[in-house]
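J.: Starting off with a structure, shown below.
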Amino acid sequence: MINVWNFDFYDSVEEEWSDCQYYLRSDRREDAVREFQQDYPSAEFTCTLEATVTVQELEDRYCVGEWIVLD
C-alpha cells in the first residue's frame, strides 16, 4: 500500500500558499515530514494523510504516470 501525504505550505519563493503530495510506503507522519523538510527546510506547513491506495489506484486516481514512491 502507498500512503498519500498532503502538504499545504507557504512557498517563500513564490510568496504564496501551495500544496503537494508525497507518496510513501511508510504510514508514519514523521517519515513524510522528514522527506518534505528535505525539500522545503524552512517552510510553514500542515501535513495530512490524504489516502492509502494501491499502486494501481495511485496511477488511476492521481493520474501519476511516472512517479516515485519513497520508502
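For the C-alpha cells, the naming scheme is as follows: chains receive sequential letters (A, B, ...) according to their order of presentation, residues are indexed from 1 within each chain, and ligands are indexed from 1 in presentation order.
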Where in range 20-68 of chain A does DSSP assign alpha helix (DSSP H), given as a ChimeraX atom specification?

T.: /A:29-39,55-62

J.: Within 10 Å of Thr46 in chain A, counting only C-alpha atoms, which residues show up once you throw out same-chain ones fewer than 6 positions away? Write them as a PDB file with all heavy atoms, in the first residue's frame, please.

T.:
ATOM      1  N   ASN A   6      -0.497  14.753   2.118  1.00  0.00           N
ATOM      2  CA  ASN A   6      -0.726  16.068   1.524  1.00  0.00           C
ATOM      3  C   ASN A   6      -0.107  17.145   2.412  1.00  0.00           C
ATOM      4  O   ASN A   6      -0.328  17.160   3.622  1.00  0.00           O
ATOM      5  CB  ASN A   6      -2.223  16.334   1.365  1.00  0.00           C
ATOM      6  CG  ASN A   6      -2.467  17.584   0.557  1.00  0.00           C
ATOM      7  OD1 ASN A   6      -2.165  17.632  -0.623  1.00  0.00           O
ATOM      8  ND2 ASN A   6      -3.003  18.615   1.187  1.00  0.00           N
ATOM      9  N   PHE A   7       0.645  18.034   1.788  1.00  0.00           N
ATOM     10  CA  PHE A   7       1.259  19.154   2.492  1.00  0.00           C
ATOM     11  C   PHE A   7       0.721  20.456   1.921  1.00  0.00           C
ATOM     12  O   PHE A   7       0.781  20.685   0.713  1.00  0.00           O
ATOM     13  CB  PHE A   7       2.783  19.144   2.319  1.00  0.00           C
ATOM     14  CG  PHE A   7       3.462  18.070   3.107  1.00  0.00           C
ATOM     15  CD1 PHE A   7       3.605  16.793   2.581  1.00  0.00           C
ATOM     16  CD2 PHE A   7       3.949  18.321   4.369  1.00  0.00           C
ATOM     17  CE1 PHE A   7       4.226  15.799   3.307  1.00  0.00           C
ATOM     18  CE2 PHE A   7       4.565  17.328   5.106  1.00  0.00           C
ATOM     19  CZ  PHE A   7       4.705  16.068   4.570  1.00  0.00           C
ATOM     20  N   ASP A   8       0.178  21.298   2.784  1.00  0.00           N
ATOM     21  CA  ASP A   8      -0.156  22.673   2.454  1.00  0.00           C
ATOM     22  C   ASP A   8       0.955  23.494   3.073  1.00  0.00           C
ATOM     23  O   ASP A   8       1.235  23.355   4.274  1.00  0.00           O
ATOM     24  CB  ASP A   8      -1.503  23.089   3.039  1.00  0.00           C
ATOM     25  CG  ASP A   8      -2.654  22.375   2.354  1.00  0.00           C
ATOM     26  OD1 ASP A   8      -2.668  22.355   1.107  1.00  0.00           O
ATOM     27  OD2 ASP A   8      -3.515  21.834   3.051  1.00  0.00           O
ATOM     28  N   PHE A   9       1.607  24.343   2.273  1.00  0.00           N
ATOM     29  CA  PHE A   9       2.761  25.058   2.790  1.00  0.00           C
ATOM     30  C   PHE A   9       2.898  26.433   2.160  1.00  0.00           C
ATOM     31  O   PHE A   9       2.364  26.691   1.081  1.00  0.00           O
ATOM     32  CB  PHE A   9       4.042  24.249   2.559  1.00  0.00           C
ATOM     33  CG  PHE A   9       4.422  24.104   1.108  1.00  0.00           C
ATOM     34  CD1 PHE A   9       5.402  24.918   0.548  1.00  0.00           C
ATOM     35  CD2 PHE A   9       3.811  23.160   0.298  1.00  0.00           C
ATOM     36  CE1 PHE A   9       5.759  24.786  -0.785  1.00  0.00           C
ATOM     37  CE2 PHE A   9       4.164  23.021  -1.029  1.00  0.00           C
ATOM     38  CZ  PHE A   9       5.138  23.842  -1.582  1.00  0.00           C
ATOM     39  N   TYR A  10       3.621  27.295   2.861  1.00  0.00           N
ATOM     40  CA  TYR A  10       3.883  28.622   2.345  1.00  0.00           C
ATOM     41  C   TYR A  10       5.194  28.577   1.575  1.00  0.00           C
ATOM     42  O   TYR A  10       6.248  28.273   2.126  1.00  0.00           O
ATOM     43  CB  TYR A  10       3.972  29.662   3.466  1.00  0.00           C
ATOM     44  CG  TYR A  10       4.125  31.049   2.904  1.00  0.00           C
ATOM     45  CD1 TYR A  10       3.023  31.709   2.352  1.00  0.00           C
ATOM     46  CD2 TYR A  10       5.348  31.688   2.877  1.00  0.00           C
ATOM     47  CE1 TYR A  10       3.143  32.971   1.804  1.00  0.00           C
ATOM     48  CE2 TYR A  10       5.485  32.954   2.337  1.00  0.00           C
ATOM     49  CZ  TYR A  10       4.378  33.585   1.805  1.00  0.00           C
ATOM     50  OH  TYR A  10       4.508  34.841   1.243  1.00  0.00           O
ATOM     51  N   ASP A  19       0.387  23.536  -2.377  1.00  0.00           N
ATOM     52  CA  ASP A  19       0.254  22.200  -1.813  1.00  0.00           C
ATOM     53  C   ASP A  19       0.973  21.204  -2.697  1.00  0.00           C
ATOM     54  O   ASP A  19       1.256  21.470  -3.860  1.00  0.00           O
ATOM     55  CB  ASP A  19      -1.209  21.812  -1.612  1.00  0.00           C
ATOM     56  CG  ASP A  19      -1.938  21.574  -2.912  1.00  0.00           C
ATOM     57  OD1 ASP A  19      -1.642  22.276  -3.893  1.00  0.00           O
ATOM     58  OD2 ASP A  19      -2.808  20.697  -2.949  1.00  0.00           O
ATOM     59  N   VAL A  33       7.056  13.969   6.997  1.00  0.00           N
ATOM     60  CA  VAL A  33       7.551  15.305   7.341  1.00  0.00           C
ATOM     61  C   VAL A  33       9.055  15.393   7.070  1.00  0.00           C
ATOM     62  O   VAL A  33       9.539  16.391   6.528  1.00  0.00           O
ATOM     63  CB  VAL A  33       7.221  15.643   8.812  1.00  0.00           C
ATOM     64  CG1 VAL A  33       7.978  16.875   9.283  1.00  0.00           C
ATOM     65  CG2 VAL A  33       5.720  15.832   8.973  1.00  0.00           C
TER      66      VAL A  33
END

J.: Do you have the CA of Val4 in chain A-CA of Glu30 in chain A distance handy?

T.: 13.5 Å

J.: Mind giving me the straight-line distance from CA of Ser18 in chain A to CA of Asn3 in chain A in Å, one decimal?

T.: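 For CA of Ser18 in chain A relative to CA of Asn3 in chain A, the distance reads 19.9 Å.
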
J.: Using CA of Phe36 in chain A and CA of Ile2 in chain A as the two end points, give the distance in Å to one decimal.

T.: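 That distance, rounded to one decimal, is 16.3 Å.
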
J.: Looking only at strand (DSSP E or B) from DSSP on the backbone, list the matching residues of chain A as number ranges by chain.

T.: A: 2-11, 16-24, 45-53, 70

J.: Hey, can you spit out that residue selection with C-alpha atoms as an mmCIF file, in the first residue's frame?

T.:
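Output below, filename out.cif:
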data_model
loop_
_atom_site.group_PDB
_atom_site.id
_atom_site.type_symbol
_atom_site.label_atom_id
_atom_site.label_comp_id
_atom_site.auth_asym_id
_atom_site.auth_seq_id
_atom_site.Cartn_x
_atom_site.Cartn_y
_atom_site.Cartn_z
ATOM 1 C CA ILE A 2 1.041 3.571 -0.719
ATOM 2 C CA ASN A 3 0.253 6.422 1.667
ATOM 3 C CA VAL A 4 -0.553 9.765 0.061
ATOM 4 C CA TRP A 5 0.563 12.600 2.340
ATOM 5 C CA ASN A 6 -0.726 16.068 1.524
ATOM 6 C CA PHE A 7 1.259 19.154 2.492
ATOM 7 C CA ASP A 8 -0.156 22.673 2.454
ATOM 8 C CA PHE A 9 2.761 25.058 2.790
ATOM 9 C CA TYR A 10 3.883 28.622 2.345
ATOM 10 C CA ASP A 11 6.276 28.872 -0.592
ATOM 11 C CA GLU A 16 2.033 32.164 -1.762
ATOM 12 C CA TRP A 17 0.441 29.100 -0.216
ATOM 13 C CA SER A 18 0.772 25.930 -2.231
ATOM 14 C CA ASP A 19 0.254 22.200 -1.813
ATOM 15 C CA CYS A 20 1.953 18.992 -2.844
ATOM 16 C CA GLN A 21 1.697 15.271 -2.236
ATOM 17 C CA TYR A 22 4.321 12.800 -1.140
ATOM 18 C CA TYR A 23 3.824 9.100 -1.848
ATOM 19 C CA LEU A 24 5.380 6.857 0.785
ATOM 20 C CA PHE A 45 3.229 23.653 6.612
ATOM 21 C CA THR A 46 0.444 21.302 7.575
ATOM 22 C CA CYS A 47 0.565 17.593 6.825
ATOM 23 C CA THR A 48 -2.400 15.235 6.474
ATOM 24 C CA LEU A 49 -2.786 11.670 5.321
ATOM 25 C CA GLU A 50 -4.983 12.040 2.259
ATOM 26 C CA ALA A 51 -5.389 8.381 1.334
ATOM 27 C CA THR A 52 -3.938 4.900 1.420
ATOM 28 C CA VAL A 53 -4.027 3.342 -2.027
ATOM 29 C CA LEU A 70 9.616 6.956 -1.182
#
